[in-house]
>>> print(open('final_26.cif').read())   # mmCIF, C-alpha atoms
data_data
#
loop_
_atom_site.group_PDB
_atom_site.id
_atom_site.type_symbol
_atom_site.label_atom_id
_atom_site.label_comp_id
_atom_site.auth_asym_id
_atom_site.auth_seq_id
_atom_site.Cartn_x
_atom_site.Cartn_y
_atom_site.Cartn_z
ATOM 1 C CA MET L 1 5.798 -6.856 -28.436
ATOM 2 C CA THR L 2 5.078 -9.652 -25.967
ATOM 3 C CA SER L 3 4.197 -13.327 -26.150
ATOM 4 C CA ILE L 4 2.152 -13.088 -22.958
ATOM 5 C CA ALA L 5 -1.619 -13.052 -23.409
ATOM 6 C CA THR L 6 -4.457 -12.544 -20.931
ATOM 7 C CA ASP L 7 -8.237 -12.381 -20.850
ATOM 8 C CA LEU L 8 -8.119 -9.734 -18.125
ATOM 9 C CA ASP L 9 -9.665 -6.406 -19.106
ATOM 10 C CA PHE L 10 -7.606 -3.791 -17.300
ATOM 11 C CA ASP L 11 -10.244 -1.106 -17.907
ATOM 12 C CA ARG L 12 -13.286 -2.972 -16.621
ATOM 13 C CA ASN L 13 -14.798 -2.187 -13.222
ATOM 14 C CA GLY L 14 -15.120 -4.930 -10.642
ATOM 15 C CA ARG L 15 -12.921 -7.838 -9.616
ATOM 16 C CA GLN L 16 -11.266 -10.072 -12.185
ATOM 17 C CA VAL L 17 -9.004 -12.986 -11.321
ATOM 18 C CA GLY L 18 -7.161 -14.747 -14.121
ATOM 19 C CA VAL L 19 -3.746 -15.512 -15.532
ATOM 20 C CA LEU L 20 -1.082 -14.084 -17.762
ATOM 21 C CA ARG L 21 -0.265 -16.951 -20.130
ATOM 22 C CA LEU L 22 3.285 -17.264 -21.425
ATOM 23 C CA PRO L 23 3.982 -19.964 -24.056
ATOM 24 C CA HIS L 24 6.477 -22.485 -22.747
ATOM 25 C CA SER L 25 7.614 -25.599 -24.581
ATOM 26 C CA PRO L 26 9.740 -27.915 -22.425
ATOM 27 C CA HIS L 27 10.365 -31.575 -23.227
ATOM 28 C CA HIS L 28 7.266 -32.844 -21.426
ATOM 29 C CA ASP L 29 4.782 -30.213 -22.724
ATOM 30 C CA ALA L 30 5.272 -29.290 -26.365
ATOM 31 C CA TRP L 31 2.554 -26.607 -26.552
ATOM 32 C CA GLY L 32 2.410 -25.681 -22.885
ATOM 33 C CA SER L 33 2.415 -22.406 -21.020
ATOM 34 C CA VAL L 34 3.394 -20.739 -17.764
ATOM 35 C CA ALA L 35 0.207 -19.450 -16.100
ATOM 36 C CA ILE L 36 1.050 -16.419 -13.971
ATOM 37 C CA PRO L 37 -1.793 -15.587 -11.558
ATOM 38 C CA ALA L 38 -3.049 -12.007 -11.852
ATOM 39 C CA ALA L 39 -5.986 -9.901 -10.737
ATOM 40 C CA VAL L 40 -7.473 -6.507 -11.498
ATOM 41 C CA ILE L 41 -9.701 -4.743 -8.977
ATOM 42 C CA LYS L 42 -11.137 -1.486 -10.308
ATOM 43 C CA ASN L 43 -13.798 1.023 -9.398
ATOM 44 C CA GLY L 44 -14.181 4.268 -11.322
ATOM 45 C CA SER L 45 -11.292 6.647 -11.789
ATOM 46 C CA GLY L 46 -8.330 7.133 -9.506
ATOM 47 C CA PRO L 47 -4.703 6.089 -9.059
ATOM 48 C CA THR L 48 -3.443 2.746 -10.316
ATOM 49 C CA LEU L 49 -1.254 0.716 -7.979
ATOM 50 C CA LEU L 50 0.738 -2.227 -9.337
ATOM 51 C CA LEU L 51 1.390 -4.679 -6.497
ATOM 52 C CA THR L 52 3.656 -7.697 -6.892
ATOM 53 C CA GLY L 53 4.759 -10.566 -4.695
ATOM 54 C CA GLY L 54 6.732 -13.689 -5.459
ATOM 55 C CA ASN L 55 9.531 -11.786 -7.175
ATOM 56 C CA HIS L 56 11.608 -14.410 -5.397
ATOM 57 C CA GLY L 57 9.924 -17.751 -4.853
ATOM 58 C CA ASP L 58 11.172 -18.303 -1.289
ATOM 59 C CA GLU L 59 9.651 -15.061 0.053
ATOM 60 C CA TYR L 60 6.161 -15.751 1.291
ATOM 61 C CA GLU L 61 4.590 -12.832 3.158
ATOM 62 C CA GLY L 62 3.861 -10.795 0.031
ATOM 63 C CA PRO L 63 2.101 -13.590 -1.891
ATOM 64 C CA VAL L 64 0.012 -14.515 1.166
ATOM 65 C CA VAL L 65 -1.138 -10.934 1.765
ATOM 66 C CA LEU L 66 -1.821 -10.212 -1.905
ATOM 67 C CA GLY L 67 -3.858 -13.410 -2.158
ATOM 68 C CA GLU L 68 -5.942 -12.190 0.778
ATOM 69 C CA LEU L 69 -6.389 -8.826 -0.922
ATOM 70 C CA ILE L 70 -7.592 -10.457 -4.153
ATOM 71 C CA ARG L 71 -10.144 -12.581 -2.299
ATOM 72 C CA ASP L 72 -11.372 -10.134 0.320
ATOM 73 C CA LEU L 73 -11.298 -6.588 -1.064
ATOM 74 C CA ASP L 74 -14.710 -5.277 -2.137
ATOM 75 C CA PRO L 75 -14.263 -3.346 -5.390
ATOM 76 C CA ALA L 76 -16.876 -0.863 -4.164
ATOM 77 C CA ALA L 77 -14.534 0.016 -1.274
ATOM 78 C CA ILE L 78 -11.889 1.537 -3.561
ATOM 79 C CA GLN L 79 -11.604 4.390 -6.012
ATOM 80 C CA GLY L 80 -9.052 3.589 -8.668
ATOM 81 C CA ARG L 81 -7.383 0.401 -9.814
ATOM 82 C CA LEU L 82 -5.206 -2.333 -8.373
ATOM 83 C CA ILE L 83 -3.222 -4.631 -10.665
ATOM 84 C CA ILE L 84 -1.977 -7.534 -8.573
ATOM 85 C CA LEU L 85 0.574 -10.245 -9.360
ATOM 86 C CA PRO L 86 0.845 -12.303 -6.161
ATOM 87 C CA ALA L 87 3.299 -14.823 -7.664
ATOM 88 C CA MET L 88 5.074 -12.783 -10.328
ATOM 89 C CA ASN L 89 7.892 -15.275 -10.871
ATOM 90 C CA THR L 90 5.533 -18.251 -10.896
ATOM 91 C CA PRO L 91 8.093 -20.999 -11.683
ATOM 92 C CA ALA L 92 10.273 -19.834 -8.761
ATOM 93 C CA VAL L 93 7.242 -19.602 -6.447
ATOM 94 C CA LYS L 94 6.204 -23.169 -7.298
ATOM 95 C CA ALA L 95 9.745 -24.351 -6.597
ATOM 96 C CA GLY L 96 10.136 -22.287 -3.408
ATOM 97 C CA ARG L 97 13.426 -20.938 -4.755
ATOM 98 C CA ARG L 98 14.944 -17.505 -5.228
ATOM 99 C CA THR L 99 15.708 -18.279 -8.857
ATOM 100 C CA SER L 100 13.589 -19.834 -11.572
ATOM 101 C CA PRO L 101 14.040 -23.579 -12.163
ATOM 102 C CA VAL L 102 13.235 -22.953 -15.842
ATOM 103 C CA ASP L 103 16.264 -20.846 -16.756
ATOM 104 C CA GLY L 104 18.152 -20.380 -13.475
ATOM 105 C CA LEU L 105 17.617 -16.622 -13.443
ATOM 106 C CA ASN L 106 16.844 -14.241 -10.591
ATOM 107 C CA ILE L 107 14.019 -12.164 -12.081
ATOM 108 C CA ASN L 108 15.109 -9.177 -10.011
ATOM 109 C CA ARG L 109 18.294 -8.988 -12.041
ATOM 110 C CA THR L 110 16.558 -9.139 -15.445
ATOM 111 C CA PHE L 111 14.515 -5.925 -15.649
ATOM 112 C CA PRO L 112 13.426 -4.347 -17.947
ATOM 113 C CA GLY L 113 13.444 -7.775 -19.565
ATOM 114 C CA ASP L 114 13.489 -9.062 -23.108
ATOM 115 C CA PRO L 115 10.371 -10.043 -25.106
ATOM 116 C CA SER L 116 12.423 -12.629 -27.018
ATOM 117 C CA GLY L 117 14.424 -13.861 -24.047
ATOM 118 C CA SER L 118 14.041 -16.802 -21.728
ATOM 119 C CA THR L 119 10.932 -17.281 -19.578
ATOM 120 C CA THR L 120 12.141 -15.077 -16.734
ATOM 121 C CA ARG L 121 13.169 -12.244 -19.060
ATOM 122 C CA GLN L 122 9.797 -12.382 -20.816
ATOM 123 C CA ILE L 123 7.966 -12.051 -17.486
ATOM 124 C CA SER L 124 10.036 -9.054 -16.398
ATOM 125 C CA HIS L 125 9.541 -7.483 -19.836
ATOM 126 C CA TYR L 126 5.753 -7.763 -19.501
ATOM 127 C CA VAL L 127 5.785 -6.242 -16.022
ATOM 128 C CA ALA L 128 8.104 -3.403 -17.054
ATOM 129 C CA ASN L 129 6.676 -2.604 -20.482
ATOM 130 C CA VAL L 130 3.003 -3.545 -20.316
ATOM 131 C CA LEU L 131 1.946 -3.200 -16.682
ATOM 132 C CA MET L 132 4.181 -0.416 -15.333
ATOM 133 C CA PRO L 133 3.010 2.115 -17.964
ATOM 134 C CA MET L 134 -0.556 1.601 -16.671
ATOM 135 C CA ALA L 135 0.391 2.394 -13.063
ATOM 136 C CA ASP L 136 1.239 5.408 -10.934
ATOM 137 C CA VAL L 137 2.831 3.485 -8.057
ATOM 138 C CA PHE L 138 4.799 0.233 -7.973
ATOM 139 C CA ILE L 139 4.905 -1.864 -4.792
ATOM 140 C CA ASP L 140 7.056 -5.021 -4.738
ATOM 141 C CA LEU L 141 6.731 -7.042 -1.527
ATOM 142 C CA HIS L 142 9.806 -9.010 -0.440
ATOM 143 C CA SER L 143 11.265 -10.776 2.578
ATOM 144 C CA GLY L 144 14.755 -12.051 3.261
ATOM 145 C CA GLY L 145 13.992 -15.388 1.630
ATOM 146 C CA SER L 146 15.874 -18.526 2.600
ATOM 147 C CA SER L 147 19.257 -16.901 3.205
ATOM 148 C CA LEU L 148 18.565 -13.618 5.056
ATOM 149 C CA ASP L 149 16.487 -12.399 7.970
ATOM 150 C CA PHE L 150 15.372 -8.750 8.156
ATOM 151 C CA ILE L 151 13.773 -6.492 10.694
ATOM 152 C CA PRO L 152 10.438 -5.949 8.890
ATOM 153 C CA SER L 153 11.133 -2.803 6.881
ATOM 154 C CA ALA L 154 9.653 -0.590 4.200
ATOM 155 C CA PHE L 155 12.013 0.250 1.346
ATOM 156 C CA LEU L 156 12.068 3.188 -1.047
ATOM 157 C CA GLU L 157 14.045 3.096 -4.280
ATOM 158 C CA ARG L 158 16.277 6.159 -4.352
ATOM 159 C CA SER L 159 15.224 8.717 -6.996
ATOM 160 C CA PRO L 160 17.219 11.690 -8.338
ATOM 161 C CA ASP L 161 13.985 13.658 -8.775
ATOM 162 C CA PRO L 162 13.402 15.807 -5.643
ATOM 163 C CA GLU L 163 9.616 15.799 -5.905
ATOM 164 C CA LEU L 164 9.471 12.054 -6.512
ATOM 165 C CA ARG L 165 11.834 11.576 -3.578
ATOM 166 C CA ARG L 166 9.594 13.710 -1.328
ATOM 167 C CA ARG L 167 6.455 11.796 -2.296
ATOM 168 C CA GLY L 168 8.283 8.498 -1.958
ATOM 169 C CA GLU L 169 9.520 9.332 1.537
ATOM 170 C CA ALA L 170 5.952 10.137 2.609
ATOM 171 C CA ALA L 171 4.795 6.804 1.175
ATOM 172 C CA VAL L 172 7.554 4.733 2.775
ATOM 173 C CA ARG L 173 6.585 6.226 6.128
ATOM 174 C CA ALA L 174 2.925 5.427 5.459
ATOM 175 C CA TYR L 175 3.754 1.695 5.432
ATOM 176 C CA GLY L 176 3.859 1.832 9.224
ATOM 177 C CA ALA L 177 6.682 -0.736 9.318
ATOM 178 C CA PRO L 178 9.200 -0.733 12.184
ATOM 179 C CA LEU L 179 11.837 0.796 9.863
ATOM 180 C CA ALA L 180 11.842 2.914 6.704
ATOM 181 C CA VAL L 181 14.890 2.506 4.487
ATOM 182 C CA VAL L 182 16.104 4.280 1.347
ATOM 183 C CA ALA L 183 18.258 2.064 -0.853
ATOM 184 C CA ASP L 184 19.547 1.657 -4.384
ATOM 185 C CA THR L 185 20.573 -2.036 -4.240
ATOM 186 C CA LEU L 186 24.250 -1.190 -4.692
ATOM 187 C CA GLY L 187 23.405 0.784 -7.816
ATOM 188 C CA GLU L 188 21.890 -2.272 -9.492
ATOM 189 C CA ALA L 189 19.688 -1.038 -12.359
ATOM 190 C CA ARG L 190 18.152 -4.423 -13.232
ATOM 191 C CA THR L 191 15.707 -4.617 -10.316
ATOM 192 C CA SER L 192 11.959 -4.080 -10.519
ATOM 193 C CA THR L 193 11.989 -0.996 -8.289
ATOM 194 C CA ALA L 194 14.996 0.562 -10.046
ATOM 195 C CA THR L 195 13.168 0.187 -13.357
ATOM 196 C CA ALA L 196 9.984 1.709 -11.930
ATOM 197 C CA ALA L 197 11.866 4.645 -10.407
ATOM 198 C CA ALA L 198 13.722 5.277 -13.673
ATOM 199 C CA ARG L 199 10.339 5.571 -15.366
ATOM 200 C CA GLY L 200 9.116 8.229 -12.967
ATOM 201 C CA MET L 201 7.047 6.039 -10.660
ATOM 202 C CA ILE L 202 7.015 5.959 -6.881
ATOM 203 C CA ALA L 203 8.843 2.662 -6.387
ATOM 204 C CA LEU L 204 8.357 0.945 -3.054
ATOM 205 C CA GLY L 205 9.494 -2.371 -1.680
ATOM 206 C CA SER L 206 9.643 -4.217 1.608
ATOM 207 C CA GLU L 207 11.687 -6.769 3.470
ATOM 208 C CA MET L 208 9.324 -8.607 5.810
ATOM 209 C CA GLY L 209 11.323 -11.105 7.848
ATOM 210 C CA GLY L 210 12.847 -14.084 6.065
ATOM 211 C CA GLY L 211 14.674 -17.247 6.954
ATOM 212 C CA GLY L 212 12.477 -19.306 4.633
ATOM 213 C CA VAL L 213 9.526 -19.199 7.051
ATOM 214 C CA VAL L 214 6.353 -17.158 7.412
ATOM 215 C CA ASP L 215 6.662 -15.121 10.591
ATOM 216 C CA PRO L 216 3.215 -14.196 11.995
ATOM 217 C CA GLU L 217 4.396 -10.770 13.138
ATOM 218 C CA ALA L 218 5.994 -9.949 9.795
ATOM 219 C CA LEU L 219 2.860 -11.180 8.019
ATOM 220 C CA ALA L 220 0.673 -8.900 10.159
ATOM 221 C CA ILE L 221 2.951 -5.934 9.437
ATOM 222 C CA CYS L 222 2.787 -6.674 5.710
ATOM 223 C CA ARG L 223 -1.002 -6.963 5.847
ATOM 224 C CA ARG L 224 -1.336 -3.616 7.636
ATOM 225 C CA ALA L 225 1.188 -2.000 5.283
ATOM 226 C CA VAL L 226 -0.856 -2.829 2.178
ATOM 227 C CA ARG L 227 -3.976 -1.354 3.781
ATOM 228 C CA ASN L 228 -2.006 1.740 4.826
ATOM 229 C CA LEU L 229 -0.747 2.288 1.278
ATOM 230 C CA LEU L 230 -4.233 2.011 -0.206
ATOM 231 C CA VAL L 231 -5.331 4.746 2.186
ATOM 232 C CA HIS L 232 -2.208 6.841 1.636
ATOM 233 C CA PHE L 233 -2.672 6.913 -2.129
ATOM 234 C CA ALA L 234 -6.414 7.624 -1.756
ATOM 235 C CA VAL L 235 -7.449 4.359 -3.370
ATOM 236 C CA ALA L 236 -9.309 3.423 -0.176
ATOM 237 C CA ASP L 237 -11.154 5.583 2.337
ATOM 238 C CA GLY L 238 -11.131 5.244 6.080
ATOM 239 C CA PRO L 239 -8.401 4.962 8.686
ATOM 240 C CA ALA L 240 -5.025 3.405 8.151
ATOM 241 C CA ALA L 241 -4.442 0.040 9.784
ATOM 242 C CA SER L 242 -1.551 1.382 11.870
ATOM 243 C CA PRO L 243 0.225 4.706 12.476
ATOM 244 C CA ALA L 244 2.786 5.962 10.006
ATOM 245 C CA TYR L 245 6.455 5.468 10.821
ATOM 246 C CA ASP L 246 7.773 8.641 12.488
ATOM 247 C CA GLY L 247 11.384 7.710 13.207
ATOM 248 C CA PRO L 248 14.497 8.579 11.216
ATOM 249 C CA LEU L 249 14.817 7.409 7.641
ATOM 250 C CA TYR L 250 17.688 4.985 7.189
ATOM 251 C CA GLU L 251 19.825 4.315 4.151
ATOM 252 C CA ILE L 252 21.893 1.434 2.847
ATOM 253 C CA SER L 253 24.694 3.298 1.177
ATOM 254 C CA GLY L 254 26.912 0.884 -0.701
ATOM 255 C CA HIS L 255 29.220 -2.020 0.007
ATOM 256 C CA ALA L 256 30.370 -0.532 3.326
ATOM 257 C CA SER L 257 26.870 -1.253 4.653
ATOM 258 C CA HIS L 258 27.329 -4.973 3.939
ATOM 259 C CA VAL L 259 29.461 -7.534 5.706
ATOM 260 C CA TYR L 260 30.717 -10.400 3.517
ATOM 261 C CA ALA L 261 32.167 -13.774 4.419
ATOM 262 C CA ALA L 262 35.821 -13.974 3.420
ATOM 263 C CA ASP L 263 35.990 -17.783 3.386
ATOM 264 C CA ASP L 264 33.803 -20.891 3.436
ATOM 265 C CA GLY L 265 32.637 -22.024 6.866
ATOM 266 C CA VAL L 266 29.953 -21.295 9.455
ATOM 267 C CA PHE L 267 29.139 -17.718 10.410
ATOM 268 C CA VAL L 268 28.559 -16.919 14.084
ATOM 269 C CA PRO L 269 27.113 -13.382 14.442
ATOM 270 C CA ALA L 270 28.175 -11.060 17.238
ATOM 271 C CA ASP L 271 24.894 -9.151 17.564
ATOM 272 C CA ARG L 272 21.131 -9.521 17.362
ATOM 273 C CA LEU L 273 19.024 -7.670 14.804
ATOM 274 C CA GLY L 274 18.216 -4.141 15.926
ATOM 275 C CA THR L 275 21.575 -3.620 17.625
ATOM 276 C CA SER L 276 23.338 -0.283 17.099
ATOM 277 C CA VAL L 277 26.848 -1.024 15.847
ATOM 278 C CA SER L 278 29.980 0.946 14.936
ATOM 279 C CA ALA L 279 32.381 0.740 12.018
ATOM 280 C CA GLY L 280 35.330 -1.473 12.919
ATOM 281 C CA GLN L 281 33.364 -3.316 15.613
ATOM 282 C CA PRO L 282 33.361 -7.141 15.401
ATOM 283 C CA ALA L 283 30.425 -8.401 13.363
ATOM 284 C CA GLY L 284 31.099 -12.059 14.111
ATOM 285 C CA ALA L 285 33.397 -14.714 12.765
ATOM 286 C CA VAL L 286 33.520 -17.560 10.262
ATOM 287 C CA HIS L 287 34.351 -20.885 11.949
ATOM 288 C CA PHE L 288 35.946 -23.872 10.192
ATOM 289 C CA LEU L 289 34.281 -26.941 11.645
ATOM 290 C CA THR L 290 36.403 -29.534 9.850
ATOM 291 C CA ASP L 291 39.662 -27.698 10.579
ATOM 292 C CA PRO L 292 39.519 -27.245 14.365
ATOM 293 C CA GLY L 293 43.123 -26.111 14.550
ATOM 294 C CA ARG L 294 42.331 -23.059 12.436
ATOM 295 C CA ALA L 295 41.275 -19.928 14.294
ATOM 296 C CA PRO L 296 37.953 -18.384 13.297
ATOM 297 C CA GLU L 297 38.152 -15.618 10.669
ATOM 298 C CA PRO L 298 36.887 -12.378 12.281
ATOM 299 C CA LEU L 299 34.592 -10.001 10.380
ATOM 300 C CA VAL L 300 33.962 -6.347 11.185
ATOM 301 C CA TYR L 301 31.305 -3.810 10.345
ATOM 302 C CA GLY L 302 32.291 -1.334 7.644
ATOM 303 C CA GLN L 303 29.775 1.285 8.705
ATOM 304 C CA SER L 304 28.043 2.522 11.837
ATOM 305 C CA GLY L 305 24.290 2.268 12.195
ATOM 306 C CA LEU L 306 21.553 -0.264 12.924
ATOM 307 C CA LEU L 307 21.921 -3.969 12.188
ATOM 308 C CA ILE L 308 18.776 -4.583 10.085
ATOM 309 C CA CYS L 309 19.635 -7.898 8.447
ATOM 310 C CA HIS L 310 21.788 -10.932 9.002
ATOM 311 C CA ARG L 311 22.282 -14.311 7.397
ATOM 312 C CA ALA L 312 19.614 -16.838 8.289
ATOM 313 C CA ILE L 313 21.790 -19.853 7.394
ATOM 314 C CA GLY L 314 24.849 -20.753 9.428
ATOM 315 C CA ARG L 315 26.882 -22.167 6.562
ATOM 316 C CA VAL L 316 28.502 -19.586 4.293
ATOM 317 C CA GLU L 317 30.701 -19.431 1.236
ATOM 318 C CA ALA L 318 33.210 -16.708 0.454
ATOM 319 C CA GLY L 319 31.353 -13.637 -0.766
ATOM 320 C CA ASN L 320 28.060 -14.406 0.990
ATOM 321 C CA CYS L 321 26.409 -11.421 2.641
ATOM 322 C CA VAL L 322 26.149 -12.102 6.388
ATOM 323 C CA ALA L 323 24.947 -8.727 7.709
ATOM 324 C CA VAL L 324 23.566 -5.384 6.561
ATOM 325 C CA VAL L 325 23.821 -2.112 8.473
ATOM 326 C CA ALA L 326 21.582 0.864 7.741
ATOM 327 C CA SER L 327 22.532 4.365 8.853
ATOM 328 C CA PRO L 328 20.235 7.291 9.724
ATOM 329 C CA ILE L 329 19.978 9.861 6.952
ATOM 330 C CA GLY L 330 21.327 13.271 7.842
#
>>> encode(input="final_26.cif", output="structure tokens")
Amino acid sequence: MTSIATDLDFDRNGRQVGVLRLPHSPHHDAWGSVAIPAAVIKNGSGPTLLLTGGNHGDEYEGPVVLGELIRDLDPAAIQGRLIILPAMNTPAVKAGRRTSPVDGLNINRTFPGDPSGSTTRQISHYVANVLMPMADVFIDLHSGGSSLDFIPSAFLERSPDPELRRRGEAAVRAYGAPLAVVADTLGEARTSTATAAARGMIALGSEMGGGGVVDPEALAICRRAVRNLLVHFAVADGPAASPAYDGPLYEISGHASHVYAADDGVFVPADRLGTSVSAGQPAGAVHFLTDPGRAPEPLVYGQSGLLICHRAIGRVEAGNCVAVVASPIG
């Protein structure tokens, strides 16, 4: 059951660009709707890839690249089907915010959704229960958004199935990003990729920069990564856009990989992204600008590895994540 309707024919060959229309009745629009942009590009038989961007509305590389793909890809150049949602959480994308202005929810903590829930929960329900069953592979393109900045990285949702894990590791390398990371989002089961992995799909993500800006280098990496994945999954012929990643796989393995602010203030990091760090080493300090007599509160890394992410905003509140360390696997 879903309230979302569309004129898109998911079985028809060619390129179709349309909307998923979700009834929405706020004060100023009694019989209105949320129009979620969507496209289907299909040619014959082959794998189906479900590609999404705009999971969070302040993450821009994915929506830009998927918009390019919708406009520029010749359906005759593929064998299979692409289902593309470049601005999945449309209200958040329009607002440029991580969370939806309609109901205040982070869509990536609402999967598998609720067909009778609020707007955000209805969108995640449609993605999880209508679109995912059509697809073989799920690719959700992210960046660090307004609050975090990442080394551009390909992410694989951890799977307990050995064969799915093997195929996923090959795919996350095929991205050709500077890093390939295996993660389970602190065991959070309400994310898009966790839901896809639980349903037996190869579930891939990315973190392409951040800081609330569009970085040209991260955008180019994201653009090449999408092309590489089409080739890897045999949806497109021809060469990949860049070589596969051949370095060690990294993992984010729980809260020890994260550094959190212990108090409100301004965080001053100790290291640049890409620095190798050790557990117990200073990660930086929180400074108290309106209490100059108070010494800065030092923070330390809880795990050794590579600093792949840090906070993009100086001001922090207690509990904010200010750094993430990924460690080589085995």
>>> closest_residue(input="final_26.cif", among="L:Asp140, L:Asp29, L:Asp161, L:Asp114", to="L:Ala87", atoms="only C-alpha atoms")
L:Asp140
>>> resolve_selection(input="final_26.cif", expression="the PyMOL selection byres ((chain L and resi 96-104) around 9)", output="VMD selection string")
chain L and resid 26 55 to 60 89 to 95 105 to 107 118 to 120 145 to 146 212
>>> write_last_selection(input="final_26.cif", atoms="C-alpha atoms", output="mmCIF file, in the coordinates of the input")
data_model
loop_
_atom_site.group_PDB
_atom_site.id
_atom_site.type_symbol
_atom_site.label_atom_id
_atom_site.label_comp_id
_atom_site.auth_asym_id
_atom_site.auth_seq_id
_atom_site.Cartn_x
_atom_site.Cartn_y
_atom_site.Cartn_z
ATOM 1 C CA PRO L 26 9.740 -27.915 -22.425
ATOM 2 C CA ASN L 55 9.531 -11.786 -7.175
ATOM 3 C CA HIS L 56 11.608 -14.410 -5.397
ATOM 4 C CA GLY L 57 9.924 -17.751 -4.853
ATOM 5 C CA ASP L 58 11.172 -18.303 -1.289
ATOM 6 C CA GLU L 59 9.651 -15.061 0.053
ATOM 7 C CA TYR L 60 6.161 -15.751 1.291
ATOM 8 C CA ASN L 89 7.892 -15.275 -10.871
ATOM 9 C CA THR L 90 5.533 -18.251 -10.896
ATOM 10 C CA PRO L 91 8.093 -20.999 -11.683
ATOM 11 C CA ALA L 92 10.273 -19.834 -8.761
ATOM 12 C CA VAL L 93 7.242 -19.602 -6.447
ATOM 13 C CA LYS L 94 6.204 -23.169 -7.298
ATOM 14 C CA ALA L 95 9.745 -24.351 -6.597
ATOM 15 C CA LEU L 105 17.617 -16.622 -13.443
ATOM 16 C CA ASN L 106 16.844 -14.241 -10.591
ATOM 17 C CA ILE L 107 14.019 -12.164 -12.081
ATOM 18 C CA SER L 118 14.041 -16.802 -21.728
ATOM 19 C CA THR L 119 10.932 -17.281 -19.578
ATOM 20 C CA THR L 120 12.141 -15.077 -16.734
ATOM 21 C CA GLY L 145 13.992 -15.388 1.630
ATOM 22 C CA SER L 146 15.874 -18.526 2.600
ATOM 23 C CA GLY L 212 12.477 -19.306 4.633
#
>>> resolve_selection(input="final_26.cif", expression="the PyMOL selection byres ((chain L and resi 75-77) around 6)", output="list in words")
Gly14, Ile41, Asn43, Asp74 and Ile78 of chain L
>>> resolve_selection(input="final_26.cif", expression="the PyMOL selection byres ((chain L and resi 153-159) around 8)", output="PyMOL selection string")
chain L and resi 150-152+160-162+164-165+168-169+172-173+175+177-184+193-194+197-198+203-208
>>> write_last_selection(input="final_26.cif", atoms="C-alpha atoms", output="tab-separated table (two decimals), in the frame of the given file")
chain	number	residue	atom	x	y	z
L	150	PHE	CA	15.37	-8.75	8.16
L	151	ILE	CA	13.77	-6.49	10.69
L	152	PRO	CA	10.44	-5.95	8.89
L	160	PRO	CA	17.22	11.69	-8.34
L	161	ASP	CA	13.98	13.66	-8.78
L	162	PRO	CA	13.40	15.81	-5.64
L	164	LEU	CA	9.47	12.05	-6.51
L	165	ARG	CA	11.83	11.58	-3.58
L	168	GLY	CA	8.28	8.50	-1.96
L	169	GLU	CA	9.52	9.33	1.54
L	172	VAL	CA	7.55	4.73	2.78
L	173	ARG	CA	6.58	6.23	6.13
L	175	TYR	CA	3.75	1.70	5.43
L	177	ALA	CA	6.68	-0.74	9.32
L	178	PRO	CA	9.20	-0.73	12.18
L	179	LEU	CA	11.84	0.80	9.86
L	180	ALA	CA	11.84	2.91	6.70
L	181	VAL	CA	14.89	2.51	4.49
L	182	VAL	CA	16.10	4.28	1.35
L	183	ALA	CA	18.26	2.06	-0.85
L	184	ASP	CA	19.55	1.66	-4.38
L	193	THR	CA	11.99	-1.00	-8.29
L	194	ALA	CA	15.00	0.56	-10.05
L	197	ALA	CA	11.87	4.64	-10.41
L	198	ALA	CA	13.72	5.28	-13.67
L	203	ALA	CA	8.84	2.66	-6.39
L	204	LEU	CA	8.36	0.94	-3.05
L	205	GLY	CA	9.49	-2.37	-1.68
L	206	SER	CA	9.64	-4.22	1.61
L	207	GLU	CA	11.69	-6.77	3.47
L	208	MET	CA	9.32	-8.61	5.81
>>> atom_distance(input="final_26.cif", atom1="atom CA of L:His255", atom2="atom CA of L:Val316")
18.1 Å
